[in-house]
>>> print(open('entry_21.cif').read())   # mmCIF, C-alpha atoms
data_target
#
loop_
_atom_site.label_atom_id
_atom_site.label_comp_id
_atom_site.auth_asym_id
_atom_site.auth_seq_id
_atom_site.Cartn_x
_atom_site.Cartn_y
_atom_site.Cartn_z
CA MET W 1 -31.13 -6.16 -24.81
CA LYS W 2 -29.12 -3.40 -23.17
CA ALA W 3 -25.80 -4.34 -21.61
CA ILE W 4 -22.97 -2.35 -20.05
CA ALA W 5 -19.62 -3.81 -21.10
CA ILE W 6 -15.93 -2.99 -21.15
CA LYS W 7 -14.14 -2.71 -24.46
CA GLU W 8 -10.68 -3.14 -22.96
CA PHE W 9 -9.18 -3.77 -19.54
CA GLY W 10 -8.23 -0.82 -17.38
CA SER W 11 -10.07 2.19 -16.02
CA THR W 12 -13.78 2.85 -15.60
CA THR W 13 -13.69 5.00 -18.74
CA ASN W 14 -13.75 1.75 -20.72
CA PHE W 15 -17.41 1.06 -19.88
CA PHE W 16 -19.85 1.51 -22.75
CA GLU W 17 -23.46 0.65 -23.53
CA GLU W 18 -24.22 -1.83 -26.28
CA GLN W 19 -27.22 -3.65 -27.69
CA ARG W 20 -27.02 -7.45 -27.75
CA GLY W 21 -29.45 -10.13 -28.78
CA ILE W 22 -31.34 -11.76 -25.93
CA PRO W 23 -29.43 -15.00 -25.18
CA GLN W 24 -31.16 -18.30 -25.86
CA PRO W 25 -30.96 -20.82 -23.01
CA ARG W 26 -29.45 -24.21 -23.68
CA ALA W 27 -31.20 -27.38 -22.56
CA ASP W 28 -29.81 -27.15 -19.02
CA GLU W 29 -30.12 -23.37 -18.65
CA VAL W 30 -32.72 -20.78 -17.72
CA LEU W 31 -33.18 -17.30 -19.17
CA MET W 32 -33.54 -14.68 -16.48
CA ARG W 33 -34.86 -11.13 -16.80
CA ILE W 34 -32.61 -9.21 -14.44
CA HIS W 35 -34.25 -6.63 -12.16
CA ALA W 36 -31.28 -5.84 -9.91
CA GLY W 37 -27.61 -6.62 -9.52
CA SER W 38 -24.81 -5.69 -7.15
CA PHE W 39 -21.12 -4.82 -7.10
CA ASN W 40 -18.30 -6.92 -5.64
CA PRO W 41 -14.54 -6.28 -5.46
CA VAL W 42 -13.95 -9.10 -7.94
CA ASP W 43 -15.75 -6.98 -10.55
CA TYR W 44 -13.20 -4.19 -10.57
CA LYS W 45 -10.33 -6.69 -10.38
CA ILE W 46 -11.64 -8.32 -13.56
CA ARG W 47 -12.13 -4.89 -15.13
CA ARG W 48 -8.48 -4.09 -14.45
CA GLY W 49 -7.48 -7.25 -16.34
CA ARG W 50 -6.25 -9.31 -13.43
CA PHE W 51 -8.02 -12.49 -14.52
CA GLY W 52 -8.29 -11.98 -18.26
CA GLY W 53 -11.43 -12.74 -20.28
CA HIS W 54 -12.85 -12.23 -23.76
CA LEU W 55 -13.68 -8.66 -24.73
CA PRO W 56 -16.12 -6.97 -24.89
CA LEU W 57 -17.02 -8.25 -21.43
CA VAL W 58 -20.16 -7.74 -19.34
CA LEU W 59 -19.30 -7.80 -15.62
CA GLY W 60 -21.41 -8.56 -12.54
CA HIS W 61 -21.76 -11.73 -10.43
CA ASP W 62 -25.02 -11.08 -8.52
CA ALA W 63 -28.49 -10.93 -10.03
CA ALA W 64 -32.11 -11.09 -8.95
CA GLY W 65 -35.07 -11.21 -11.29
CA VAL W 66 -37.65 -13.46 -12.97
CA ILE W 67 -37.39 -16.61 -15.11
CA VAL W 68 -38.74 -15.94 -18.61
CA GLU W 69 -37.68 -19.17 -20.35
CA VAL W 70 -36.39 -22.59 -19.29
CA GLY W 71 -34.33 -25.12 -21.20
CA SER W 72 -35.84 -28.42 -22.29
CA SER W 73 -34.13 -30.47 -19.55
CA VAL W 74 -34.87 -28.09 -16.65
CA ASN W 75 -37.65 -29.26 -14.33
CA ARG W 76 -36.92 -27.54 -11.00
CA LEU W 77 -37.54 -23.96 -12.21
CA HIS W 78 -40.44 -22.48 -14.17
CA VAL W 79 -41.38 -19.37 -16.11
CA GLY W 80 -42.47 -16.66 -13.70
CA ASP W 81 -40.34 -17.84 -10.77
CA GLU W 82 -38.78 -14.98 -8.81
CA VAL W 83 -35.15 -15.98 -8.39
CA TRP W 84 -31.61 -14.94 -7.55
CA ALA W 85 -28.47 -16.15 -9.29
CA TYR W 86 -24.75 -16.51 -8.78
CA LEU W 87 -23.06 -15.59 -12.07
CA GLY W 88 -19.57 -16.74 -11.12
CA GLY W 89 -19.92 -19.85 -13.22
CA PRO W 90 -20.62 -20.28 -16.94
CA CYS W 91 -23.24 -17.86 -18.22
CA SER W 92 -24.08 -15.88 -21.33
CA ASN W 93 -23.03 -12.57 -19.76
CA GLY W 94 -22.72 -10.81 -16.45
CA ALA W 95 -25.36 -9.03 -14.38
CA CYS W 96 -24.87 -5.59 -15.97
CA ALA W 97 -27.52 -6.38 -18.56
CA GLU W 98 -31.26 -6.87 -18.97
CA TYR W 99 -31.09 -10.66 -19.46
CA VAL W 100 -28.75 -13.54 -18.68
CA SER W 101 -28.81 -17.23 -19.56
CA VAL W 102 -27.24 -19.43 -16.89
CA PRO W 103 -27.12 -23.14 -15.94
CA HIS W 104 -30.03 -23.81 -13.60
CA GLU W 105 -27.77 -25.04 -10.78
CA PHE W 106 -26.69 -21.44 -10.11
CA VAL W 107 -30.28 -20.16 -9.81
CA THR W 108 -32.85 -20.72 -7.03
CA ALA W 109 -36.02 -19.12 -5.70
CA ARG W 110 -35.11 -15.93 -3.86
CA PRO W 111 -36.29 -15.26 -0.30
CA ARG W 112 -39.83 -13.89 -0.39
CA ILE W 113 -39.08 -11.73 2.65
CA LEU W 114 -36.47 -9.72 0.71
CA SER W 115 -37.01 -7.05 -1.92
CA VAL W 116 -35.46 -7.70 -5.31
CA GLU W 117 -32.73 -5.16 -4.49
CA GLU W 118 -31.95 -6.82 -1.17
CA ALA W 119 -31.90 -10.24 -2.83
CA ALA W 120 -29.42 -9.01 -5.44
CA SER W 121 -26.97 -8.14 -2.66
CA VAL W 122 -26.66 -11.68 -1.32
CA PRO W 123 -25.44 -14.46 -3.64
CA VAL W 124 -21.68 -13.73 -3.87
CA VAL W 125 -21.20 -12.64 -0.26
CA GLY W 126 -23.62 -15.23 1.08
CA LEU W 127 -22.00 -18.11 -0.75
CA THR W 128 -18.46 -16.92 -0.01
CA ALA W 129 -19.10 -16.29 3.69
CA ASN W 130 -20.85 -19.64 4.02
CA GLN W 131 -18.00 -21.47 2.30
CA SER W 132 -15.36 -19.60 4.30
CA ILE W 133 -16.97 -20.30 7.65
CA ARG W 134 -19.04 -23.46 7.49
CA LEU W 135 -17.04 -25.41 4.90
CA LYS W 136 -13.48 -24.22 5.63
CA ALA W 137 -12.90 -22.62 9.03
CA LYS W 138 -15.67 -24.66 10.73
CA PRO W 139 -15.76 -22.74 14.03
CA THR W 140 -17.77 -23.92 17.03
CA PRO W 141 -19.43 -21.58 19.55
CA ASN W 142 -16.37 -21.98 21.79
CA HIS W 143 -13.93 -20.67 19.18
CA SER W 144 -12.67 -17.12 18.75
CA VAL W 145 -12.68 -15.58 15.26
CA PHE W 146 -10.87 -12.55 13.85
CA ILE W 147 -12.26 -10.95 10.67
CA ALA W 148 -10.24 -8.56 8.52
CA GLY W 149 -12.84 -6.31 6.90
CA GLY W 150 -16.05 -6.61 8.90
CA ALA W 151 -17.99 -3.66 7.48
CA GLY W 152 -17.98 -4.70 3.82
CA GLY W 153 -20.55 -6.89 2.17
CA LEU W 154 -18.59 -10.10 2.75
CA GLY W 155 -17.55 -9.20 6.29
CA SER W 156 -21.07 -8.27 7.33
CA ALA W 157 -22.41 -11.58 5.97
CA ALA W 158 -19.66 -13.48 7.78
CA ILE W 159 -20.39 -11.80 11.11
CA GLN W 160 -24.06 -12.74 10.79
CA ILE W 161 -23.26 -16.37 10.03
CA LEU W 162 -20.86 -16.56 12.98
CA GLN W 163 -23.51 -15.10 15.27
CA MET W 164 -26.06 -17.53 13.87
CA ILE W 165 -23.94 -20.55 14.83
CA GLY W 166 -23.30 -19.15 18.30
CA VAL W 167 -19.81 -17.65 18.06
CA GLU W 168 -19.52 -14.78 20.54
CA LYS W 169 -15.77 -14.10 20.56
CA ILE W 170 -15.57 -12.06 17.33
CA VAL W 171 -13.09 -9.24 16.67
CA THR W 172 -12.94 -7.26 13.43
CA THR W 173 -11.33 -4.18 11.90
CA SER W 174 -12.50 -0.76 10.80
CA GLY W 175 -10.77 2.18 9.11
CA ARG W 176 -13.56 4.75 9.40
CA GLU W 177 -15.88 5.98 12.12
CA ALA W 178 -18.85 5.30 9.83
CA SER W 179 -17.72 1.69 9.45
CA THR W 180 -17.40 1.27 13.22
CA ARG W 181 -20.91 2.67 13.75
CA PHE W 182 -22.22 0.33 11.05
CA ILE W 183 -20.64 -2.71 12.70
CA VAL W 184 -21.96 -1.76 16.13
CA ASP W 185 -25.45 -0.61 15.08
CA GLN W 186 -26.23 -3.03 12.25
CA LEU W 187 -24.16 -6.10 13.11
CA ARG W 188 -24.59 -6.02 16.89
CA LEU W 189 -20.94 -6.13 17.93
CA SER W 190 -19.70 -4.01 20.81
CA PRO W 191 -17.21 -1.16 20.23
CA GLU W 192 -14.62 -3.24 22.10
CA GLN W 193 -14.83 -5.88 19.36
CA VAL W 194 -13.78 -3.40 16.64
CA ILE W 195 -10.11 -2.49 16.08
CA ASP W 196 -9.46 0.85 14.35
CA TYR W 197 -6.46 0.19 12.10
CA ARG W 198 -5.80 3.80 11.05
CA GLY W 199 -2.20 4.90 11.57
CA LYS W 200 -1.16 1.67 13.27
CA GLY W 201 1.57 -0.79 12.42
CA LEU W 202 1.33 -4.56 12.36
CA LYS W 203 2.73 -4.98 15.87
CA GLN W 204 0.25 -2.56 17.46
CA LEU W 205 -2.69 -4.07 15.57
CA THR W 206 -1.64 -7.53 16.70
CA GLU W 207 -1.43 -6.45 20.33
CA GLU W 208 -4.80 -4.67 20.25
CA ALA W 209 -6.60 -7.58 18.59
CA ILE W 210 -5.18 -10.08 21.08
CA ALA W 211 -6.15 -7.79 23.96
CA ALA W 212 -9.69 -7.58 22.56
CA ASN W 213 -9.75 -11.39 22.58
CA GLY W 214 -8.96 -11.56 26.27
CA GLY W 215 -5.21 -11.84 25.75
CA ALA W 216 -5.41 -14.97 23.59
CA PHE W 217 -4.59 -15.79 19.99
CA PHE W 218 -7.52 -16.62 17.72
CA ASP W 219 -8.72 -20.09 16.79
CA LYS W 220 -9.80 -18.89 13.33
CA THR W 221 -8.94 -15.83 11.22
CA LEU W 222 -10.79 -14.69 8.10
CA ASP W 223 -9.07 -12.42 5.59
CA PHE W 224 -11.42 -10.48 3.32
CA VAL W 225 -8.97 -7.65 2.55
CA GLY W 226 -5.54 -9.04 1.68
CA GLY W 227 -2.10 -7.44 1.90
CA VAL W 228 -1.23 -6.22 5.38
CA MET W 229 -4.49 -7.59 6.75
CA LYS W 230 -3.62 -11.06 5.52
CA ARG W 231 -0.31 -10.76 7.36
CA LEU W 232 -2.24 -9.70 10.45
CA CYS W 233 -4.38 -12.83 10.18
CA PHE W 234 -1.22 -14.95 10.22
CA GLU W 235 0.08 -13.04 13.24
CA LEU W 236 -3.15 -13.58 15.17
CA VAL W 237 -3.95 -17.24 14.52
CA ASP W 238 -3.20 -19.67 17.33
CA PHE W 239 -1.25 -22.90 17.08
CA ASP W 240 -3.12 -25.43 14.91
CA GLY W 241 -5.58 -22.72 13.90
CA ASP W 242 -7.27 -21.96 10.59
CA ILE W 243 -6.76 -19.02 8.24
CA VAL W 244 -9.26 -18.53 5.42
CA SER W 245 -8.63 -15.88 2.77
CA THR W 246 -10.73 -14.82 -0.19
CA VAL W 247 -8.01 -12.55 -1.58
CA GLU W 248 -5.33 -13.77 -3.95
CA GLU W 249 -2.03 -11.91 -3.70
CA SER W 250 -0.02 -10.87 -6.73
CA ASP W 251 3.07 -11.94 -4.73
CA PRO W 252 2.19 -15.02 -2.65
CA PHE W 253 5.47 -14.75 -0.76
CA ALA W 254 4.50 -11.32 0.55
CA VAL W 255 2.58 -13.16 3.24
CA PRO W 256 4.01 -16.02 5.30
CA VAL W 257 2.01 -18.81 3.70
CA TRP W 258 4.96 -21.16 3.40
CA HIS W 259 7.10 -20.03 6.32
CA GLY W 260 4.98 -20.53 9.41
CA ARG W 261 4.59 -17.53 11.65
CA ALA W 262 6.22 -14.32 10.58
CA SER W 263 6.73 -12.71 13.97
CA PRO W 264 8.73 -13.41 17.13
CA LEU W 265 5.47 -12.76 19.00
CA PHE W 266 4.65 -16.41 18.47
CA ARG W 267 5.74 -19.10 20.85
CA LYS W 268 6.38 -21.86 18.36
CA SER W 269 6.46 -22.38 14.61
CA ALA W 270 2.85 -22.72 13.60
CA SER W 271 1.03 -25.82 12.58
CA LEU W 272 -1.88 -24.14 10.84
CA HIS W 273 -4.32 -24.64 8.02
CA PHE W 274 -4.49 -22.06 5.24
CA HIS W 275 -7.48 -22.01 2.87
CA LEU W 276 -7.67 -19.71 -0.15
CA LEU W 277 -11.03 -19.24 -1.86
CA GLY W 278 -10.21 -17.84 -5.31
CA ALA W 279 -11.62 -14.41 -6.00
CA ARG W 280 -12.47 -15.27 -9.58
CA GLY W 281 -15.55 -17.21 -8.59
CA LEU W 282 -14.20 -20.54 -9.80
CA TYR W 283 -17.11 -22.90 -9.92
CA GLY W 284 -15.49 -26.33 -10.18
CA ALA W 285 -16.35 -29.37 -12.23
CA ARG W 286 -19.90 -29.98 -13.41
CA GLU W 287 -20.54 -32.58 -10.73
CA THR W 288 -19.98 -29.89 -8.05
CA TRP W 289 -22.60 -27.50 -9.40
CA PRO W 290 -25.54 -28.91 -7.38
CA GLY W 291 -23.64 -27.72 -4.31
CA TYR W 292 -24.41 -24.15 -5.36
CA THR W 293 -28.11 -25.01 -5.64
CA GLN W 294 -28.03 -26.47 -2.13
CA GLN W 295 -26.22 -23.47 -0.64
CA LEU W 296 -28.46 -20.91 -2.35
CA ASP W 297 -31.53 -22.83 -1.14
CA GLU W 298 -30.07 -22.82 2.37
CA LEU W 299 -29.50 -19.08 2.21
CA THR W 300 -33.11 -18.61 1.09
CA PHE W 301 -34.29 -20.59 4.13
CA LEU W 302 -32.05 -18.64 6.53
CA TYR W 303 -33.22 -15.24 5.26
CA GLU W 304 -36.88 -16.26 5.32
CA ALA W 305 -36.40 -17.55 8.88
CA GLN W 306 -34.75 -14.20 9.71
CA ARG W 307 -31.61 -15.94 10.93
CA LEU W 308 -29.76 -13.67 8.47
CA TRP W 309 -30.76 -10.17 7.45
CA PRO W 310 -29.77 -7.63 4.74
CA VAL W 311 -27.71 -4.68 5.95
CA GLY W 312 -26.34 -1.60 4.27
CA VAL W 313 -28.02 -2.18 0.91
CA GLN W 314 -27.65 1.02 -1.13
CA ASN W 315 -29.26 1.40 -4.57
CA ILE W 316 -27.03 3.80 -6.50
CA GLY W 317 -29.16 3.99 -9.67
CA GLU W 318 -30.56 2.29 -12.74
CA LEU W 319 -28.44 0.27 -15.18
CA SER W 320 -26.32 2.73 -17.16
CA VAL W 321 -22.70 3.47 -17.91
CA ASP W 322 -22.68 6.18 -15.24
CA THR W 323 -24.17 3.91 -12.57
CA ILE W 324 -21.79 1.00 -13.23
CA ARG W 325 -18.82 3.35 -13.41
CA ARG W 326 -19.84 4.96 -10.10
CA GLY W 327 -20.24 1.60 -8.36
CA HIS W 328 -16.75 0.51 -9.37
CA GLU W 329 -15.22 3.80 -8.29
CA MET W 330 -16.96 3.71 -4.90
CA LEU W 331 -15.74 0.17 -4.20
CA GLU W 332 -12.21 0.96 -5.30
CA ALA W 333 -12.14 4.05 -3.06
CA GLY W 334 -12.96 1.87 -0.05
CA GLY W 335 -15.14 2.57 2.95
CA VAL W 336 -18.37 1.08 1.59
CA GLN W 337 -20.54 -0.39 4.33
CA GLY W 338 -22.68 -3.31 3.16
CA LYS W 339 -23.50 -3.66 -0.55
CA LEU W 340 -24.00 -1.34 -3.51
CA ILE W 341 -26.92 -2.21 -5.80
CA PHE W 342 -28.13 -1.17 -9.25
CA SER W 343 -31.65 -1.68 -10.57
CA VAL W 344 -32.65 -2.79 -14.07
CA PRO W 345 -36.01 -1.30 -15.11
#
>>> encode(input="entry_21.cif", output="structure tokens")
Amino acid sequence: MKAIAIKEFGSTTNFFEEQRGIPQPRADEVLMRIHAGSFNPVDYKIRRGRFGGHLPLVLGHDAAGVIVEVGSSVNRLHVGDEVWAYLGGPCSNGACAEYVSVPHEFVTARPRILSVEEAASVPVVGLTANQSIRLKAKPTPNHSVFIAGGAGGLGSAAIQILQMIGVEKIVTTSGREASTRFIVDQLRLSPEQVIDYRGKGLKQLTEEAIAANGGAFFDKTLDFVGGVMKRLCFELVDFDGDIVSTVEESDPFAVPVWHGRASPLFRKSASLHFHLLGARGLYGARETWPGYTQQLDELTFLYEAQRLWPVGVQNIGELSVDTIRRGHEMLEAGGVQGKLIFSVP
């Protein structure tokens, strides 16, 4: 099979095409013919060497395709099933290939209402947004939520889930006019709910976000960007609030995780709850794996019921060194609205 791998950590020039044998599924695995995959920020962070790994390494955490073989102990999936998969757990290789063998718990039937390209855009952002909101932050319709990074794939999924559960007081950030238009047109927020962060310091951003929330601090803040935006989330959260971040910092003390609130804007030292969802796609012990099956099945139901919808899905080309290199460079440059997809003919 064809696969696009990296031979060493570093720049996008390290991608190369190689031929590998088609992986053979173990008893508890399925072999999937990949028809589309997508790009996520964790991919270029792994490529840079942040999390290590055995080289040569095939990247890619999202895949949609067809089951072509099932292991002897797998009963819930069958040859010919059209599926999607989360490749953040153990698997033979990443999504930048023609085939992948993966434990069946990370694979479910994809929504019939979605194209294969649209389906490939969902697993990582869908699972992460669902875990951030429904399992960690747990907002109710009466809560206010601030999102750092609303126009990206993860932010757009999070906004949809918040709207689905009835949250109306949502404020997010944008650094480009195109991103603001995307949030307003595709995600149904008003322009007043979008804070343009260009050329503004932390104090001004804090004041504008609080003003957009009717002069109040936020019950929940979601950090999908890191760095200064993580600090902003700490500035904005109310007493006894929740902060959920999907971005690990190289210097954890660069944000006030251990020191309460970092600004004299706040009335009292914060009693808050900080949740970090590791960007490496850690999948937990074997007994937790059925949770991924349940969440992927739930996402399938929500898309088929049109409670969630794909936005900003852009197919940038067929599987090749040039396509994978371009996807990484576009994500690293910033400003991508929605998700970037590649197809596998």
>>> residues_around(input="entry_21.cif", residues="stretch 183-193 of chain W", least_positions_apart="3", cutoff="7 Å", atoms="all atoms listed in the file", output="PDB file with C-alpha atoms, in the frame of the given file")
ATOM      1  CA  ALA W 151     -17.990  -3.660   7.480  1.00  0.00           C
ATOM      2  CA  SER W 156     -21.070  -8.270   7.330  1.00  0.00           C
ATOM      3  CA  ILE W 170     -15.570 -12.060  17.330  1.00  0.00           C
ATOM      4  CA  VAL W 171     -13.090  -9.240  16.670  1.00  0.00           C
ATOM      5  CA  THR W 172     -12.940  -7.260  13.430  1.00  0.00           C
ATOM      6  CA  SER W 179     -17.720   1.690   9.450  1.00  0.00           C
ATOM      7  CA  THR W 180     -17.400   1.270  13.220  1.00  0.00           C
ATOM      8  CA  ALA W 212      -9.690  -7.580  22.560  1.00  0.00           C
ATOM      9  CA  VAL W 311     -27.710  -4.680   5.950  1.00  0.00           C
TER      10      VAL W 311
END
>>> resolve_selection(input="entry_21.cif", expression="the PyMOL selection byres ((chain W and resi 43-51) around 10)", output="ChimeraX atom specification")
/W:5-12,14-15,38-42,52-53,57-61,94,250,279-280,325,327-329,331-332
>>> closest_residue(input="entry_21.cif", among="W:Val124, W:Ala64, W:Val167, W:Leu154", to="W:Gly89", atoms="only C-alpha atoms")
W:Val124
>>> closest_residue(input="entry_21.cif", among="W:Met32, W:Cys233, W:Leu114, W:Val66", to="W:Phe301", atoms="all atoms listed in the file")
W:Leu114
>>> atom_distance(input="entry_21.cif", atom1="atom CA of W:Lys220", atom2="atom CA of W:Pro139")
7.1 Å
>>> closest_residue(input="entry_21.cif", among="W:Ile165, W:Ala109, W:Ile133, W:Ile4", to="W:Ile324", atoms="all atoms listed in the file")
W:Ile4
